[in-house]
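Below is one structure, written out as structure tokens; comments come after it.
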Amino acid sequence: MSKDSIVIAGYSETPVAFKSGRSAYDFAGEAFAGLLAATGLEKAIVDGLSVTVPLSECANPFFAVYMTEALGLSPSWLNYGGIGGCSATGGVARAAAAIRDGQAEVAVVLSADAPSTNWAANYGAWRGEFQDPVGIMGPPAAFGLLMSRYEHQYGLNYEALAKIAITQREGALLNDNAYAKLQKPLSVDDYMNSRMIADPLRLLDCVMFCDGGNAFLVTTEGRAKELGLQKMVRATAYAEVTNFKGDEATADITETGFSQLAPKVFGKSGLTPGDIGSFHPYDDFTIAVMMQLEDFGFCPKGRGSDYVLATDLSHKGELPVNTGGGQLSAGQPGLASGGLNLAEAVRQMFGEAGARQVANTGTALVTGIGVIPYARNWGASAAMILEA
Amino acid sequence: MPESKMPESKNQRRVPKANRFVETEAFWQGAGQGELWLQYCPDSKQFQHYPRPVSIQTGRRNLEWRKVSGRGVIYACTIVRVPGPGLEGRLPLSVATVELDEGVRILGNILNTAPDNVAIGQRVELAWDAIDGETSYPAFNVVEA
């Protein structure tokens with residue numbers, strides 16, 4: 001550790017709600033106030049702000065500026081993050097760069113969204129001419145295509161996907177912030193009998209759009225200690241790629257951006273997969289969790305089903321995965337989604353996870369996914385390693 | 001479900017507007033004559049689909065449109081089962097990623113085969129789906145072995 005290390009020295013997360021009737025601003029305010037309460041800091045200390053583009057307010061190109069007014073902040077550094085589920089970890093990385101560059105000392109990375117209350121997104125572009133007519137109206141059909149190809153190349157045991165859903169659901173039962181209606185146990189039969197959405201993708205492979213928010217305090221270790229903060233984790237490695245293999249007309253769509261990021265974050269941190277205390281992969285769909293277990297080297301490519309069935313992924317297990325239920329079972333708070341996985345990682349490392357506390361709080365790996373492109377793998381991938 | 005609230009077109013399939021993203025007149029004129037025309041970069045000798053404002057190989061605007069065979073193989077496939085705008089009366093809907101023999105992929109519906117019988121690796125050929133009385137849209141039929 002050095003006093004210049006970039007740290008996350010506080011976090012806050014609102015409960016996930018469905019059709020809350022509240023705005024992204026209101027959830028952001030709740031998360032921001034929660035962060036001040038958790039850290040004991042006054043808002044005047046905050047001089048940097050990263051805001052995630054939300055589905056529910058994205059028709060306003062000045063959402064981030066409006067947010068500074070809503071919160072009464074006058075930051076010397078403002079970032080508006082538009083890489084979807086990568087925006088939270090990406091926001092931490094961008095805040096780190098801004099802090100190292102002297103543009104800010106204490107930044108808040110804030111994500112809030114309420115798409116189950118208000119949908120403001122219109123993707124436009126090529127979709128009206130080349131995707132909508134075919135009947136792909138959103139991510140589930142795109143992931144159905146991706147799953148079909150994965151199954152064709154590697155084989156897919158649906159009991160393994162069921163186990164991911166069930167294990168994460170068990171975590172949500174122990175998470176007070178999980179959407180209440182998702183807090184009931186699942187069985188393999190529940191999974192297998194859940195209706196097909198876009199074959200072979202079932203309902204219980206999918207997230208549910210909800211409302212919620214989260215916030216993180218990012219500064220240097222030295223500044224955090226000056227401010228009297230006791231709990232902090234270092235962000236020791238970050239890597240990101242957007243439009244992975246975007247100029248390859250016939251790329252293998254089962255190859256994800258994480259195959260490129262894993263060697264980077266392990267190389268930079270000096271860690272190996274075996275060193276990871278808990279894994280918080282972005283989980284919009286169960287297959288994404290399985291593919292990331294492969295890409296980060298927890299098991300070989302194509303062997304995800306066997307690995308999942310042989311491994312305890314609960315908070316007590318060999319590799320704790322999305323211990324609070326993840327987005328699949330806590331609910332996906334719109335594009336504040338990436339912060340849900342990040343909040344659980346920091347909570348575990350702070351030793352504040354209560355009944356679902358993992359044993360190894362020394363390290364965690366968090367990821368983000370953003371955007372579903374035309375007939376390919378997902379569009380943006382981000383990975384961050386946290387160390388005590 | 002994610003993205004269930006798309007705007008407009010509550011009860012019928014929407015006829016796409018051409019030229020919203022980039023100039024696509026050649027695609028639509030070809031479709032009107034029962035031909036599939038795709039964007040082509042002559043510098044890299046590579047088709048690209050959907051069409052872009054530049055060649056995604058070179059970054060330059062030296063692009064043209066060429067007619068393709070419409071023959072290819074199913075690379076990935078799914079069956080859309082959830083209602084949505086423009087899907088009325090079409091469910092369950094067979095959707096495939098088709099890899100054309102020209103080395104480019106295109107999304108399309110499979111028209112002549114029950115959705116459960118569509119599989120990766122099947123050969124397909126071009127077919128036409130009527131969006132309305134005036135507009136036809138490229139789709140595919142499985143070629144019987």
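Chains: A, B, ... in order of the structure tokens. Residues: from 1 per chain. Ligands: from 1, in order shown.
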Query raised in the report: What residues in chain B have any atom no more than 8 Å from chain A when counting only C-alpha atoms, and can you write them as an MDAnalysis selection string?
Result: chainID B and resid 1:7 13:18 20:21 47:48 50 56:57 75:82 84:87 93 95:97 99 103:109 120 137
For those residues, write N, CA and C atoms to a file as a compact mmCIF listing (two decimals), in the first residue's frame.
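In the end it all went to out.txt:
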# COMPACT_ATOMS: atom_id res chain seq x y z
N MET B 1 -39.96 -7.78 -18.44
CA MET B 1 -38.84 -8.22 -19.27
C MET B 1 -38.07 -7.01 -19.80
N PRO B 2 -36.78 -7.19 -20.03
CA PRO B 2 -35.98 -6.09 -20.56
C PRO B 2 -36.54 -5.54 -21.86
N GLU B 3 -36.46 -4.24 -21.98
CA GLU B 3 -36.78 -3.55 -23.22
C GLU B 3 -38.14 -3.92 -23.80
N SER B 4 -39.11 -4.05 -22.95
CA SER B 4 -40.44 -4.38 -23.46
C SER B 4 -41.17 -3.14 -23.93
N LYS B 5 -40.68 -2.00 -23.51
CA LYS B 5 -41.43 -0.78 -23.80
C LYS B 5 -40.80 0.00 -24.95
N MET B 6 -40.82 -0.54 -26.13
CA MET B 6 -40.32 0.20 -27.26
C MET B 6 -41.43 1.13 -27.74
N PRO B 7 -41.06 2.26 -28.32
CA PRO B 7 -42.05 3.25 -28.70
C PRO B 7 -42.81 2.87 -29.97
N ARG B 13 -46.74 -4.38 -37.59
CA ARG B 13 -45.32 -4.36 -37.91
C ARG B 13 -44.99 -3.05 -38.61
N ARG B 14 -43.97 -2.40 -38.10
CA ARG B 14 -43.64 -1.09 -38.63
C ARG B 14 -42.80 -1.20 -39.90
N VAL B 15 -43.14 -0.43 -40.91
CA VAL B 15 -42.33 -0.39 -42.13
C VAL B 15 -41.12 0.49 -41.85
N PRO B 16 -39.92 -0.07 -41.98
CA PRO B 16 -38.73 0.71 -41.64
C PRO B 16 -38.59 1.95 -42.52
N LYS B 17 -38.02 2.99 -41.94
CA LYS B 17 -37.70 4.19 -42.71
C LYS B 17 -36.26 4.06 -43.21
N ALA B 18 -36.07 4.23 -44.51
CA ALA B 18 -34.74 4.14 -45.10
C ALA B 18 -33.92 5.38 -44.75
N ARG B 20 -32.14 6.45 -42.37
CA ARG B 20 -32.14 7.12 -41.06
C ARG B 20 -30.74 7.16 -40.45
N PHE B 21 -29.98 6.10 -40.70
CA PHE B 21 -28.67 5.94 -40.05
C PHE B 21 -27.56 6.32 -41.03
N PHE B 47 -17.48 -7.39 -47.41
CA PHE B 47 -18.82 -6.88 -47.16
C PHE B 47 -18.95 -6.49 -45.69
N GLN B 48 -19.85 -5.56 -45.40
CA GLN B 48 -20.19 -5.27 -44.01
C GLN B 48 -21.69 -5.06 -43.89
N TYR B 50 -24.73 -4.61 -40.52
CA TYR B 50 -25.48 -3.56 -41.15
C TYR B 50 -24.55 -2.53 -41.81
N ILE B 56 -15.56 -0.35 -41.98
CA ILE B 56 -15.02 -0.67 -40.66
C ILE B 56 -13.67 -1.36 -40.77
N GLN B 57 -13.21 -1.59 -42.01
CA GLN B 57 -11.85 -2.10 -42.20
C GLN B 57 -10.85 -0.95 -42.31
N TYR B 75 -25.68 -19.66 -38.56
CA TYR B 75 -24.57 -19.57 -37.59
C TYR B 75 -25.08 -19.66 -36.15
N ALA B 76 -26.25 -19.08 -35.90
CA ALA B 76 -26.87 -19.12 -34.56
C ALA B 76 -28.37 -18.99 -34.79
N CYS B 77 -29.17 -19.54 -33.88
CA CYS B 77 -30.62 -19.42 -34.06
C CYS B 77 -31.34 -19.42 -32.73
N THR B 78 -32.49 -18.75 -32.71
CA THR B 78 -33.32 -18.71 -31.51
C THR B 78 -34.78 -18.67 -31.95
N ILE B 79 -35.66 -18.82 -30.98
CA ILE B 79 -37.09 -18.72 -31.24
C ILE B 79 -37.64 -17.65 -30.29
N VAL B 80 -38.05 -16.53 -30.87
CA VAL B 80 -38.61 -15.46 -30.04
C VAL B 80 -40.04 -15.86 -29.66
N ARG B 81 -40.32 -15.88 -28.36
CA ARG B 81 -41.63 -16.34 -27.89
C ARG B 81 -42.38 -15.27 -27.10
N VAL B 82 -41.74 -14.14 -26.89
CA VAL B 82 -42.34 -13.12 -26.03
C VAL B 82 -42.94 -12.01 -26.88
N GLY B 84 -44.16 -8.51 -28.44
CA GLY B 84 -43.55 -7.19 -28.47
C GLY B 84 -44.08 -6.45 -29.68
N PRO B 85 -43.72 -5.18 -29.80
CA PRO B 85 -44.19 -4.39 -30.94
C PRO B 85 -43.76 -5.03 -32.26
N GLY B 86 -44.67 -5.15 -33.19
CA GLY B 86 -44.35 -5.72 -34.49
C GLY B 86 -44.30 -7.24 -34.50
N LEU B 87 -44.58 -7.87 -33.37
CA LEU B 87 -44.50 -9.33 -33.30
C LEU B 87 -45.89 -9.98 -33.30
N LEU B 93 -41.43 -17.08 -33.30
CA LEU B 93 -40.74 -16.54 -34.47
C LEU B 93 -39.31 -17.06 -34.54
N VAL B 95 -35.66 -16.85 -35.53
CA VAL B 95 -34.67 -15.81 -35.86
C VAL B 95 -33.30 -16.46 -35.95
N ALA B 96 -32.58 -16.14 -36.99
CA ALA B 96 -31.25 -16.74 -37.16
C ALA B 96 -30.22 -15.68 -37.51
N THR B 97 -28.98 -15.96 -37.12
CA THR B 97 -27.83 -15.25 -37.68
C THR B 97 -27.34 -16.12 -38.83
N GLU B 99 -24.69 -16.75 -41.84
CA GLU B 99 -23.38 -16.39 -42.41
C GLU B 99 -23.45 -16.64 -43.91
N GLY B 103 -19.11 -14.14 -46.81
CA GLY B 103 -18.29 -13.84 -45.63
C GLY B 103 -18.80 -12.68 -44.81
N VAL B 104 -20.10 -12.59 -44.67
CA VAL B 104 -20.69 -11.54 -43.84
C VAL B 104 -21.95 -12.12 -43.22
N ARG B 105 -22.29 -11.64 -42.01
CA ARG B 105 -23.46 -12.18 -41.31
C ARG B 105 -24.63 -11.21 -41.36
N ILE B 106 -25.84 -11.79 -41.38
CA ILE B 106 -27.06 -10.99 -41.41
C ILE B 106 -28.11 -11.70 -40.57
N LEU B 107 -28.88 -10.92 -39.82
CA LEU B 107 -29.99 -11.47 -39.05
C LEU B 107 -31.20 -11.63 -39.96
N GLY B 108 -31.91 -12.74 -39.81
CA GLY B 108 -33.11 -12.93 -40.63
C GLY B 108 -34.03 -13.97 -40.04
N ASN B 109 -35.28 -13.92 -40.46
CA ASN B 109 -36.25 -14.93 -40.05
C ASN B 109 -36.18 -16.12 -41.00
N ILE B 120 -28.46 -24.84 -36.26
CA ILE B 120 -27.16 -24.33 -36.70
C ILE B 120 -26.57 -25.30 -37.72
N TYR B 137 -39.10 -7.74 -47.17
CA TYR B 137 -37.91 -7.69 -46.32
C TYR B 137 -37.17 -9.03 -46.45
Query - All residues 12 Å or closer to Arg22 (chain A), only C-alpha atoms, same chain fewer than 2 positions away omitted, as number ranges by chain - result: A: 16-20, 24-30, 56-57, 112-118, 210-213
Query raised in the report: Neighbours of Leu41 (chain A) within 12 Å (only C-alpha atoms; same-chain residues fewer than 2 positions away dropped), as a ChimeraX atom specification?
Result: /A:9-10,32-39,43-46,106,108,217,224,226-229
Query - Selection: 9 Å around region 62-68 of chain B, only C-alpha atoms, excl. self and same-chain fewer than 5 positions, as a list in words - result: Ala26, Phe27, Gly30, Glu35, Leu36, Trp37, Leu38, Gln39, Tyr40, Cys41, Pro42, Asp43, Phe47, Pro53, Val54, Ser55, Leu100, Asp101 and Glu102 of chain B
Query raised in the report: From the list A:Gly91, A:Gly267, A:Pro75, A:Gly368, which residue is nearest Val241 (chain A) when using only C-alpha atoms?
Result: A:Gly368
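Between CA of Phe140 (chain B) and CA of Arg123 (chain B) there is a distance of 9.6 Å.
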**Report entry** Gly324 (chain A) environment, 10 Å, only C-alpha atoms, sequence neighbours closer than 4 positions dropped, as a PyMOL selection string
**Finding:** chain A and resi 167-178+280+314-315+328-330+340-341+343-345+347-348+353+356-357
Report summary line: In terms of only C-alpha atoms, the residue from B:Pro83, B:Gly89, B:Gly72, B:Pro51 at minimal distance from Val142 (chain B) is B:Gly72
Report summary line: Restricting to only C-alpha atoms, whichever of A:Lys268, A:Asp189, A:Thr236, A:Gly257 is closest to Ser2 (chain A) is A:Thr236
Query - Every residue of chain B that DSSP places in strand (DSSP E), as a ChimeraX atom specification - result: /B:36-41,46-48,64-68,72-80,93-100,104-109,123-130,136-142
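Relative to CA of Pro138 (chain B), CA of Gln12 (chain B) is found at 18.2 Å.
The coordinates place CA of Asp275 (chain A) at 24.0 Å from CA of Thr220 (chain A).
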